[in-house]
file start_4.cif (mmCIF, C-alpha atoms)
data_query
loop_
_atom_site.group_PDB
_atom_site.id
_atom_site.type_symbol
_atom_site.label_atom_id
_atom_site.label_comp_id
_atom_site.auth_asym_id
_atom_site.auth_seq_id
_atom_site.Cartn_x
_atom_site.Cartn_y
_atom_site.Cartn_z
ATOM 1 C CA MET A 238 108.026 -25.395 -43.734
ATOM 2 C CA ILE A 239 105.658 -26.055 -40.812
ATOM 3 C CA ARG A 240 107.345 -29.363 -40.024
ATOM 4 C CA ARG A 241 110.784 -27.736 -40.192
ATOM 5 C CA TYR A 242 109.601 -24.949 -37.845
ATOM 6 C CA SER A 243 108.125 -27.499 -35.397
ATOM 7 C CA LEU A 244 111.354 -29.492 -35.451
ATOM 8 C CA THR A 245 113.349 -26.326 -34.735
ATOM 9 C CA LEU A 246 111.110 -25.549 -31.727
ATOM 10 C CA ALA A 247 111.448 -29.088 -30.422
ATOM 11 C CA ILE A 248 115.258 -28.975 -30.718
ATOM 12 C CA ALA A 249 115.344 -25.598 -28.984
ATOM 13 C CA ALA A 250 113.122 -26.898 -26.133
ATOM 14 C CA LEU A 251 115.337 -29.956 -25.730
ATOM 15 C CA SER A 252 118.465 -27.805 -25.616
ATOM 16 C CA LEU A 253 116.957 -25.612 -22.896
ATOM 17 C CA ALA A 254 115.931 -28.683 -20.929
ATOM 18 C CA LEU A 255 119.470 -30.085 -21.094
ATOM 19 C CA LEU A 256 120.880 -26.760 -19.918
ATOM 20 C CA ASP A 257 118.428 -26.772 -16.993
ATOM 21 C CA VAL A 258 119.460 -30.308 -16.049
ATOM 22 C CA ARG A 259 123.179 -29.469 -16.219
ATOM 23 C CA ALA A 260 122.655 -26.347 -14.103
ATOM 24 C CA ALA A 261 120.737 -28.351 -11.506
ATOM 25 C CA GLN A 262 123.381 -31.062 -11.488
ATOM 26 C CA ALA A 263 126.077 -28.471 -10.799
ATOM 27 C CA ALA A 264 124.579 -26.834 -7.727
ATOM 28 C CA SER A 265 121.366 -28.423 -6.431
ATOM 29 C CA GLN A 266 121.231 -29.261 -2.723
ATOM 30 C CA THR A 267 118.246 -31.514 -3.370
ATOM 31 C CA LEU A 268 120.122 -33.474 -6.025
ATOM 32 C CA ASP A 269 123.027 -33.877 -3.612
ATOM 33 C CA LYS A 270 120.621 -35.288 -1.009
ATOM 34 C CA ILE A 271 118.986 -37.646 -3.522
ATOM 35 C CA LYS A 272 122.390 -38.875 -4.644
ATOM 36 C CA GLU A 273 123.494 -39.466 -1.057
ATOM 37 C CA VAL A 274 120.410 -41.419 0.072
ATOM 38 C CA GLY A 275 119.837 -43.116 -3.280
ATOM 39 C CA LYS A 276 116.181 -42.168 -3.632
ATOM 40 C CA ILE A 277 113.787 -39.318 -4.387
ATOM 41 C CA THR A 278 110.783 -38.803 -2.120
ATOM 42 C CA PHE A 279 107.461 -37.533 -3.419
ATOM 43 C CA GLY A 280 104.731 -36.184 -1.152
ATOM 44 C CA TYR A 281 101.222 -36.918 -2.436
ATOM 45 C CA ARG A 282 97.648 -36.125 -1.422
ATOM 46 C CA GLU A 283 95.288 -39.031 -0.724
ATOM 47 C CA ALA A 284 92.057 -37.416 -1.966
ATOM 48 C CA SER A 285 92.890 -34.621 -4.437
ATOM 49 C CA ILE A 286 91.325 -36.153 -7.550
ATOM 50 C CA PRO A 287 92.556 -36.121 -10.319
ATOM 51 C CA PHE A 288 95.927 -34.648 -9.287
ATOM 52 C CA ALA A 289 96.981 -36.995 -6.508
ATOM 53 C CA TYR A 290 94.913 -39.636 -4.753
ATOM 54 C CA LEU A 291 94.783 -43.321 -3.879
ATOM 55 C CA GLY A 292 93.560 -45.547 -6.684
ATOM 56 C CA ALA A 293 91.665 -48.820 -6.402
ATOM 57 C CA ASP A 294 94.957 -50.591 -5.607
ATOM 58 C CA GLN A 295 95.612 -48.081 -2.795
ATOM 59 C CA LYS A 296 98.639 -46.721 -4.659
ATOM 60 C CA PRO A 297 99.085 -42.991 -5.386
ATOM 61 C CA THR A 298 97.983 -41.924 -8.852
ATOM 62 C CA GLY A 299 96.944 -38.785 -10.745
ATOM 63 C CA LEU A 300 98.218 -36.041 -13.043
ATOM 64 C CA SER A 301 100.674 -34.620 -10.499
ATOM 65 C CA LEU A 302 102.153 -38.069 -9.889
ATOM 66 C CA GLU A 303 102.709 -38.479 -13.641
ATOM 67 C CA LEU A 304 104.475 -35.122 -13.768
ATOM 68 C CA CYS A 305 106.601 -36.112 -10.782
ATOM 69 C CA SER A 306 107.523 -39.309 -12.600
ATOM 70 C CA ALA A 307 108.899 -37.101 -15.382
ATOM 71 C CA VAL A 308 110.881 -35.225 -12.721
ATOM 72 C CA ALA A 309 112.354 -38.537 -11.537
ATOM 73 C CA ASP A 310 113.454 -39.251 -15.114
ATOM 74 C CA LYS A 311 115.206 -35.863 -15.216
ATOM 75 C CA VAL A 312 116.934 -36.638 -11.937
ATOM 76 C CA LYS A 313 118.211 -39.923 -13.370
ATOM 77 C CA VAL A 314 119.758 -37.992 -16.265
ATOM 78 C CA ALA A 315 121.271 -35.385 -13.955
ATOM 79 C CA LEU A 316 122.768 -38.019 -11.654
ATOM 80 C CA GLN A 317 123.670 -40.353 -14.531
ATOM 81 C CA ARG A 318 121.970 -43.358 -12.992
ATOM 82 C CA LEU A 319 119.672 -45.785 -14.788
ATOM 83 C CA GLU A 320 117.694 -46.703 -11.679
ATOM 84 C CA LEU A 321 116.379 -44.490 -8.893
ATOM 85 C CA GLU A 322 114.275 -45.545 -5.928
ATOM 86 C CA ILE A 323 111.077 -43.540 -5.535
ATOM 87 C CA GLU A 324 109.443 -43.237 -2.114
ATOM 88 C CA TYR A 325 105.899 -41.945 -1.707
ATOM 89 C CA VAL A 326 104.849 -40.140 1.493
ATOM 90 C CA PRO A 327 101.214 -39.086 2.129
ATOM 91 C CA VAL A 328 100.791 -35.413 3.030
ATOM 92 C CA ASN A 329 97.854 -33.149 3.805
ATOM 93 C CA ALA A 330 97.090 -29.443 3.569
ATOM 94 C CA SER A 331 98.561 -28.758 7.018
ATOM 95 C CA ASN A 332 101.862 -30.659 6.882
ATOM 96 C CA ARG A 333 102.856 -30.535 3.198
ATOM 97 C CA ILE A 334 105.012 -27.403 3.550
ATOM 98 C CA PRO A 335 106.758 -28.418 6.830
ATOM 99 C CA LEU A 336 107.562 -31.870 5.409
ATOM 100 C CA LEU A 337 109.110 -30.227 2.360
ATOM 101 C CA GLN A 338 111.082 -27.746 4.444
ATOM 102 C CA ASN A 339 112.539 -30.428 6.732
ATOM 103 C CA SER A 340 113.507 -32.601 3.728
ATOM 104 C CA THR A 341 111.103 -35.440 4.519
ATOM 105 C CA ILE A 342 109.896 -35.042 0.915
ATOM 106 C CA ASP A 343 111.736 -33.596 -2.096
ATOM 107 C CA VAL A 344 108.728 -32.622 -4.224
ATOM 108 C CA GLU A 345 105.088 -32.161 -3.278
ATOM 109 C CA CYS A 346 103.018 -33.788 -6.028
ATOM 110 C CA GLY A 347 99.553 -32.536 -5.219
ATOM 111 C CA SER A 348 97.193 -29.662 -5.920
ATOM 112 C CA THR A 349 98.765 -26.770 -4.025
ATOM 113 C CA THR A 350 98.003 -23.189 -5.017
ATOM 114 C CA ASN A 351 100.927 -20.905 -5.750
ATOM 115 C CA THR A 352 100.675 -17.700 -3.675
ATOM 116 C CA ALA A 353 102.997 -14.837 -2.808
ATOM 117 C CA GLU A 354 102.739 -15.758 0.878
ATOM 118 C CA ARG A 355 103.658 -19.388 0.269
ATOM 119 C CA GLN A 356 106.579 -18.325 -1.911
ATOM 120 C CA LYS A 357 108.192 -17.006 1.275
ATOM 121 C CA GLN A 358 108.432 -20.630 2.434
ATOM 122 C CA VAL A 359 108.687 -22.788 -0.710
ATOM 123 C CA SER A 360 109.102 -22.610 -4.477
ATOM 124 C CA PHE A 361 106.524 -23.526 -7.098
ATOM 125 C CA SER A 362 106.967 -25.000 -10.539
ATOM 126 C CA ILE A 363 105.424 -23.509 -13.645
ATOM 127 C CA ALA A 364 101.628 -23.780 -13.451
ATOM 128 C CA THR A 365 100.190 -27.262 -13.872
ATOM 129 C CA TYR A 366 96.538 -26.179 -13.579
ATOM 130 C CA VAL A 367 94.415 -23.011 -13.440
ATOM 131 C CA ALA A 368 91.526 -23.303 -10.969
ATOM 132 C CA SER A 369 88.626 -21.211 -9.653
ATOM 133 C CA PRO A 370 86.932 -21.797 -6.258
ATOM 134 C CA ARG A 371 83.175 -22.465 -6.151
ATOM 135 C CA TRP A 372 80.474 -23.347 -3.650
ATOM 136 C CA LEU A 373 79.109 -26.897 -3.626
ATOM 137 C CA VAL A 374 75.681 -27.592 -2.130
ATOM 138 C CA SER A 375 73.363 -30.590 -2.033
ATOM 139 C CA ALA A 376 71.161 -31.023 -5.100
ATOM 140 C CA SER A 377 68.049 -30.603 -2.931
ATOM 141 C CA SER A 378 69.275 -27.322 -1.380
ATOM 142 C CA ARG A 379 67.313 -24.151 -2.055
ATOM 143 C CA VAL A 380 70.551 -22.137 -2.071
ATOM 144 C CA THR A 381 71.271 -20.702 -5.533
ATOM 145 C CA GLU A 382 73.787 -18.004 -4.603
ATOM 146 C CA PRO A 383 76.118 -17.289 -1.645
ATOM 147 C CA LYS A 384 73.689 -14.960 0.131
ATOM 148 C CA GLY A 385 71.384 -17.952 0.579
ATOM 149 C CA LEU A 386 73.905 -19.335 3.072
ATOM 150 C CA ASP A 387 73.038 -16.681 5.652
ATOM 151 C CA GLY A 388 72.422 -18.257 9.045
ATOM 152 C CA GLN A 389 73.883 -21.631 8.045
ATOM 153 C CA THR A 390 77.098 -23.634 8.530
ATOM 154 C CA VAL A 391 79.646 -24.142 5.761
ATOM 155 C CA VAL A 392 82.741 -26.342 5.671
ATOM 156 C CA ILE A 393 86.276 -25.543 4.470
ATOM 157 C CA THR A 394 89.099 -28.092 4.352
ATOM 158 C CA GLN A 395 91.729 -27.440 7.035
ATOM 159 C CA GLY A 396 94.798 -25.694 5.601
ATOM 160 C CA SER A 397 93.049 -24.739 2.361
ATOM 161 C CA LEU A 398 93.862 -21.310 0.949
ATOM 162 C CA ASN A 399 90.149 -20.916 0.265
ATOM 163 C CA PHE A 400 89.379 -20.409 3.966
ATOM 164 C CA GLY A 401 90.450 -16.772 3.629
ATOM 165 C CA VAL A 402 88.685 -16.375 0.279
ATOM 166 C CA ALA A 403 85.417 -17.742 1.658
ATOM 167 C CA LYS A 404 85.623 -15.609 4.796
ATOM 168 C CA LYS A 405 86.095 -12.464 2.709
ATOM 169 C CA ILE A 406 83.142 -13.349 0.485
ATOM 170 C CA LEU A 407 80.903 -13.912 3.490
ATOM 171 C CA ASP A 408 82.144 -10.803 5.337
ATOM 172 C CA ASP A 409 81.744 -8.588 2.251
ATOM 173 C CA GLN A 410 78.128 -9.702 1.929
ATOM 174 C CA LYS A 411 77.618 -9.349 5.705
ATOM 175 C CA LEU A 412 76.395 -12.926 6.003
ATOM 176 C CA ASN A 413 76.030 -14.615 9.399
ATOM 177 C CA VAL A 414 77.679 -17.938 8.560
ATOM 178 C CA THR A 415 79.460 -20.446 10.803
ATOM 179 C CA ILE A 416 82.627 -21.898 9.263
ATOM 180 C CA VAL A 417 83.791 -25.349 10.350
ATOM 181 C CA GLN A 418 86.905 -27.143 9.113
ATOM 182 C CA ALA A 419 87.365 -30.743 7.971
ATOM 183 C CA LYS A 420 90.677 -32.619 8.028
ATOM 184 C CA ASP A 421 90.683 -33.255 4.254
ATOM 185 C CA HIS A 422 88.540 -32.875 1.128
ATOM 186 C CA ALA A 423 86.891 -36.272 1.577
ATOM 187 C CA GLU A 424 85.658 -35.276 5.035
ATOM 188 C CA SER A 425 84.424 -31.921 3.702
ATOM 189 C CA LEU A 426 82.255 -33.708 1.138
ATOM 190 C CA LEU A 427 81.053 -36.134 3.812
ATOM 191 C CA MET A 428 79.974 -33.264 6.064
ATOM 192 C CA LEU A 429 78.032 -31.733 3.194
ATOM 193 C CA GLY A 430 76.475 -35.045 2.211
ATOM 194 C CA THR A 431 75.342 -35.824 5.763
ATOM 195 C CA GLY A 432 73.817 -32.389 6.330
ATOM 196 C CA ARG A 433 76.369 -31.170 8.863
ATOM 197 C CA ALA A 434 77.197 -28.314 6.483
ATOM 198 C CA ALA A 435 75.052 -26.446 3.968
ATOM 199 C CA ALA A 436 77.913 -25.832 1.548
ATOM 200 C CA TRP A 437 81.570 -26.585 0.859
ATOM 201 C CA PHE A 438 83.922 -24.028 -0.713
ATOM 202 C CA GLU A 439 86.905 -25.325 -2.696
ATOM 203 C CA ASP A 440 88.576 -25.169 -6.115
ATOM 204 C CA ASP A 441 86.253 -26.322 -8.881
ATOM 205 C CA ILE A 442 88.432 -29.189 -10.070
ATOM 206 C CA LEU A 443 88.895 -30.688 -6.609
ATOM 207 C CA VAL A 444 85.163 -30.498 -5.994
ATOM 208 C CA ALA A 445 84.395 -32.052 -9.389
ATOM 209 C CA GLY A 446 86.846 -34.869 -8.764
ATOM 210 C CA LEU A 447 85.347 -35.942 -5.451
ATOM 211 C CA VAL A 448 81.770 -35.537 -6.650
ATOM 212 C CA ALA A 449 82.439 -37.665 -9.742
ATOM 213 C CA ASN A 450 83.629 -40.496 -7.498
ATOM 214 C CA ALA A 451 80.938 -40.136 -4.839
ATOM 215 C CA SER A 452 78.385 -42.922 -4.388
ATOM 216 C CA ASP A 453 75.768 -40.576 -5.872
ATOM 217 C CA PRO A 454 77.300 -37.740 -7.950
ATOM 218 C CA LYS A 455 73.835 -36.348 -8.688
ATOM 219 C CA ALA A 456 73.348 -35.595 -5.001
ATOM 220 C CA PHE A 457 75.434 -32.401 -5.344
ATOM 221 C CA ARG A 458 75.584 -29.287 -7.496
ATOM 222 C CA MET A 459 77.876 -26.281 -7.819
ATOM 223 C CA LEU A 460 76.650 -22.704 -7.542
ATOM 224 C CA ALA A 461 77.202 -20.618 -10.645
ATOM 225 C CA ALA A 462 79.358 -17.970 -8.928
ATOM 226 C CA THR A 463 83.085 -18.189 -9.733
ATOM 227 C CA TYR A 464 85.992 -16.249 -8.265
ATOM 228 C CA ALA A 465 89.540 -15.178 -9.136
ATOM 229 C CA PRO A 466 91.678 -17.900 -10.767
ATOM 230 C CA SER A 467 94.547 -19.543 -8.950
ATOM 231 C CA TYR A 468 97.518 -21.520 -10.210
ATOM 232 C CA TYR A 469 98.620 -24.960 -9.057
ATOM 233 C CA GLY A 470 102.209 -26.109 -9.165
ATOM 234 C CA LEU A 471 104.560 -28.763 -7.816
ATOM 235 C CA MET A 472 106.328 -27.547 -4.665
ATOM 236 C CA THR A 473 110.088 -27.697 -4.078
ATOM 237 C CA ARG A 474 112.377 -26.239 -1.426
ATOM 238 C CA ARG A 475 112.754 -22.470 -1.652
ATOM 239 C CA GLU A 476 116.519 -22.471 -1.149
ATOM 240 C CA ASP A 477 117.134 -24.690 -4.189
ATOM 241 C CA PRO A 478 116.361 -22.757 -7.404
ATOM 242 C CA GLU A 479 118.537 -25.161 -9.355
ATOM 243 C CA PHE A 480 116.231 -28.076 -8.541
ATOM 244 C CA LYS A 481 113.163 -25.968 -9.363
ATOM 245 C CA ALA A 482 114.748 -25.379 -12.790
ATOM 246 C CA LEU A 483 114.975 -29.143 -13.273
ATOM 247 C CA VAL A 484 111.331 -29.620 -12.252
ATOM 248 C CA ASP A 485 110.261 -26.819 -14.595
ATOM 249 C CA ALA A 486 112.246 -28.405 -17.414
ATOM 250 C CA ALA A 487 110.423 -31.720 -16.953
ATOM 251 C CA ILE A 488 106.994 -30.048 -17.134
ATOM 252 C CA ARG A 489 107.963 -27.677 -19.926
ATOM 253 C CA GLU A 490 109.148 -30.598 -22.034
ATOM 254 C CA LYS A 491 105.776 -32.321 -21.583
ATOM 255 C CA MET A 492 103.997 -29.158 -22.682
ATOM 256 C CA ALA A 493 106.233 -28.571 -25.714
ATOM 257 C CA SER A 494 105.862 -32.144 -26.956
ATOM 258 C CA GLY A 495 102.064 -32.267 -26.663
ATOM 259 C CA GLU A 496 102.263 -34.959 -23.984
ATOM 260 C CA PHE A 497 100.753 -32.627 -21.376
ATOM 261 C CA ASP A 498 97.668 -32.189 -23.583
ATOM 262 C CA ARG A 499 97.309 -35.966 -23.764
ATOM 263 C CA LEU A 500 97.689 -36.261 -19.993
ATOM 264 C CA TYR A 501 95.032 -33.589 -19.541
ATOM 265 C CA VAL A 502 92.575 -35.532 -21.700
ATOM 266 C CA LYS A 503 93.425 -38.691 -19.750
ATOM 267 C CA TRP A 504 92.695 -37.172 -16.331
ATOM 268 C CA PHE A 505 89.995 -34.562 -17.054
ATOM 269 C CA GLU A 506 88.081 -35.795 -20.094
ATOM 270 C CA SER A 507 88.198 -39.597 -19.827
ATOM 271 C CA PRO A 508 87.012 -42.202 -17.317
ATOM 272 C CA ILE A 509 89.455 -42.347 -14.406
ATOM 273 C CA PRO A 510 89.952 -44.767 -11.512
ATOM 274 C CA PRO A 511 88.717 -45.924 -9.137
ATOM 275 C CA LYS A 512 85.143 -45.833 -10.473
ATOM 276 C CA GLY A 513 85.745 -45.079 -14.128
ATOM 277 C CA ARG A 514 83.899 -41.762 -14.054
ATOM 278 C CA ASN A 515 84.609 -38.833 -16.363
ATOM 279 C CA LEU A 516 85.115 -35.336 -14.904
ATOM 280 C CA GLN A 517 84.163 -33.831 -18.273
ATOM 281 C CA LEU A 518 86.261 -30.692 -17.766
ATOM 282 C CA PRO A 519 87.820 -29.536 -21.067
ATOM 283 C CA MET A 520 90.962 -27.428 -20.816
ATOM 284 C CA SER A 521 90.132 -23.788 -20.112
ATOM 285 C CA GLU A 522 91.503 -20.944 -22.207
ATOM 286 C CA ALA A 523 93.547 -19.848 -19.186
ATOM 287 C CA MET A 524 95.162 -23.287 -18.967
ATOM 288 C CA LYS A 525 95.786 -23.381 -22.725
ATOM 289 C CA GLY A 526 97.629 -20.094 -22.329
ATOM 290 C CA ARG A 527 99.913 -21.563 -19.659
ATOM 291 C CA VAL A 528 100.654 -24.602 -21.822
ATOM 292 C CA ALA A 529 101.562 -22.359 -24.760
ATOM 293 C CA SER A 530 103.651 -20.054 -22.555
ATOM 294 C CA PRO A 531 104.696 -21.935 -19.377
ATOM 295 C CA SER A 532 105.024 -19.646 -16.354
ATOM 296 C CA ASP A 533 104.878 -19.586 -12.562
ATOM 297 C CA ALA A 534 103.420 -16.049 -12.572
ATOM 298 C CA LEU A 535 100.548 -15.317 -10.172
ATOM 299 C CA ALA A 536 98.609 -13.178 -12.629
ATOM 300 C CA PRO A 537 97.025 -14.068 -16.006
#
call {"tool": "encode", "arguments": {"input": "start_4.cif", "output": "structure tokens"}}
result
Amino acid sequence: MIRRYSLTLAIAALSLALLDVRAAQAASQTLDKIKEVGKITFGYREASIPFAYLGADQKPTGLSLELCSAVADKVKVALQRLELEIEYVPVNASNRIPLLQNSTIDVECGSTTNTAERQKQVSFSIATYVASPRWLVSASSRVTEPKGLDGQTVVITQGSLNFGVAKKILDDQKLNVTIVQAKDHAESLLMLGTGRAAAWFEDDILVAGLVANASDPKAFRMLAATYAPSYYGLMTRREDPEFKALVDAAIREKMASGEFDRLYVKWFESPIPPKGRNLQLPMSEAMKGRVASPSDALAP
């Protein structure tokens, strides 16, 4: 009975996925563009471990890139073509949305947080990760909680949503803190490691990824304080809901089949390139909930 029920669910998921692909094929502006130029273009981050970053071979890799590969497979089905050229374009926190809007890239395969404000400019897929921002300090620091940052300098990555979150935290506690911005996550960690900043504020998984691959991971530690969860997703153009449906179908199929769980273990609970270090971050209950019931909602 259980096997029959599982088979029924799998057939139903496949049927929905096919409907999504057919709908996208019928009306998607992005699919029309891909068909015309003969390629799909993915934007990727260069240092957002383990979602999108450059591996030892200097080629983009990570969970988001694997999900985007599944999107490319869906596009092949929709366009009825066995081969499809894939172009990879590096993006950062500041230019990822403009490059999507001007059609330089078709999907942003990174670690971008879905917010109501950003939804005015782009669309987001169903959630691919549930994160919580935290403070990172040096292991030798005497700071054990945010109020210990009073009178010091902290770093936030340029374009990160967490700039506003950090500023509110510091303002609410009436702390006299100087905020400086780094061009990317790698530079933020460098500023912390060289003493130019007393702390770095960013989503826990992004912090854990860079620390795990640092020359000395034990040189840093996270403060215990956690904040409201946020939801990552792949970005697509706002004016193309049909293509978003195709992207959602690709991710939903991975979740329904159990493949997403295997990918999660691969990228969060196993040694990953380039240094073979393990992030040791089991799937949270919040993430398990999104796998069981895929959604792009902004609330739990």
call {"tool": "residues_around", "arguments": {"input": "start_4.cif", "residues": "A:Ala434", "least_positions_apart": "4", "cutoff": "7 Å", "atoms": "all atoms listed in the file", "output": "PDB file with C-alpha atoms, in the coordinates of the input"}}
result
ATOM      1  CA  THR A 390      77.098 -23.634   8.530  1.00  0.00           C
ATOM      2  CA  VAL A 391      79.646 -24.142   5.761  1.00  0.00           C
ATOM      3  CA  VAL A 392      82.741 -26.342   5.671  1.00  0.00           C
ATOM      4  CA  MET A 428      79.974 -33.264   6.064  1.00  0.00           C
ATOM      5  CA  LEU A 429      78.032 -31.733   3.194  1.00  0.00           C
TER       6      LEU A 429
END
call {"tool": "resolve_selection", "arguments": {"input": "start_4.cif", "expression": "the PyMOL selection byres ((chain A and resi 423-427) around 10)", "output": "PyMOL selection string"}}
result
chain A and resi 283-285+373-375+391-395+417-422+428-434+436-439+444+447-448+451+457
call {"tool": "closest_atom_pairs", "arguments": {"input": "start_4.cif", "of": "stretch 350-407 of chain A", "to": "stretch 482-506 of chain A", "cutoff": "12 Å", "atoms": "all atoms listed in the file", "output": "CSV"}}
result
residue,atom,partner,partner_atom,distance
A:Ser360,CA,A:Ala482,CA,10.4
A:Phe361,CA,A:Asp485,CA,9.0
A:Ser362,CA,A:Asp485,CA,5.5
A:Ile363,CA,A:Asp485,CA,5.9
A:Ala364,CA,A:Ile488,CA,9.0
A:Thr365,CA,A:Ile488,CA,8.0
A:Tyr366,CA,A:Tyr501,CA,9.6
call {"tool": "resolve_selection", "arguments": {"input": "start_4.cif", "expression": "the PyMOL selection byres ((chain A and resi 477) around 10)", "output": "MDAnalysis selection string"}}
result
chainID A and resid 261 264:268 359:360 473:476 478:482
call {"tool": "closest_residue", "arguments": {"input": "start_4.cif", "among": "A:Ile277, A:Ile334, A:Leu471, A:Ile286", "to": "A:Asp310", "atoms": "only C-alpha atoms"}}
result
A:Ile277
call {"tool": "build_atoms", "arguments": {"input": "start_4.cif", "residues": "stretch 443-457 of chain A", "atoms": "N, CA and C atoms", "output": "JSON list (two decimals), keeping the file's coordinate frame"}}
result
[["chain", "number", "residue", "atom", "x", "y", "z"],
["A", 443, "LEU", "N", 88.84, -29.77, -7.74],
["A", 443, "LEU", "CA", 88.90, -30.69, -6.61],
["A", 443, "LEU", "C", 87.48, -31.13, -6.22],
["A", 444, "VAL", "N", 86.56, -30.18, -6.27],
["A", 444, "VAL", "CA", 85.16, -30.50, -5.99],
["A", 444, "VAL", "C", 84.64, -31.48, -7.04],
["A", 445, "ALA", "N", 84.89, -31.19, -8.31],
["A", 445, "ALA", "CA", 84.40, -32.05, -9.39],
["A", 445, "ALA", "C", 84.95, -33.46, -9.28],
["A", 446, "GLY", "N", 86.23, -33.56, -8.89],
["A", 446, "GLY", "CA", 86.85, -34.87, -8.76],
["A", 446, "GLY", "C", 86.20, -35.73, -7.70],
["A", 447, "LEU", "N", 85.95, -35.16, -6.53],
["A", 447, "LEU", "CA", 85.35, -35.94, -5.45],
["A", 447, "LEU", "C", 83.88, -36.26, -5.74],
["A", 448, "VAL", "N", 83.18, -35.30, -6.33],
["A", 448, "VAL", "CA", 81.77, -35.54, -6.65],
["A", 448, "VAL", "C", 81.64, -36.66, -7.68],
["A", 449, "ALA", "N", 82.50, -36.65, -8.69],
["A", 449, "ALA", "CA", 82.44, -37.66, -9.74],
["A", 449, "ALA", "C", 82.62, -39.07, -9.18],
["A", 450, "ASN", "N", 83.36, -39.19, -8.08],
["A", 450, "ASN", "CA", 83.63, -40.50, -7.50],
["A", 450, "ASN", "C", 82.79, -40.78, -6.26],
["A", 451, "ALA", "N", 81.83, -39.90, -5.98],
["A", 451, "ALA", "CA", 80.94, -40.14, -4.84],
["A", 451, "ALA", "C", 79.95, -41.26, -5.17],
["A", 452, "SER", "N", 79.34, -41.84, -4.15],
["A", 452, "SER", "CA", 78.39, -42.92, -4.39],
["A", 452, "SER", "C", 77.20, -42.45, -5.22],
["A", 453, "ASP", "N", 76.86, -41.15, -5.08],
["A", 453, "ASP", "CA", 75.77, -40.58, -5.87],
["A", 453, "ASP", "C", 76.17, -39.17, -6.33],
["A", 454, "PRO", "N", 76.85, -39.05, -7.47],
["A", 454, "PRO", "CA", 77.30, -37.74, -7.95],
["A", 454, "PRO", "C", 76.16, -36.74, -8.15],
["A", 455, "LYS", "N", 74.96, -37.24, -8.43],
["A", 455, "LYS", "CA", 73.83, -36.35, -8.69],
["A", 455, "LYS", "C", 73.26, -35.74, -7.41],
["A", 456, "ALA", "N", 73.83, -36.12, -6.28],
["A", 456, "ALA", "CA", 73.35, -35.60, -5.00],
["A", 456, "ALA", "C", 73.90, -34.20, -4.71],
["A", 457, "PHE", "N", 74.80, -33.71, -5.57],
["A", 457, "PHE", "CA", 75.43, -32.40, -5.34],
["A", 457, "PHE", "C", 75.35, -31.53, -6.59]]
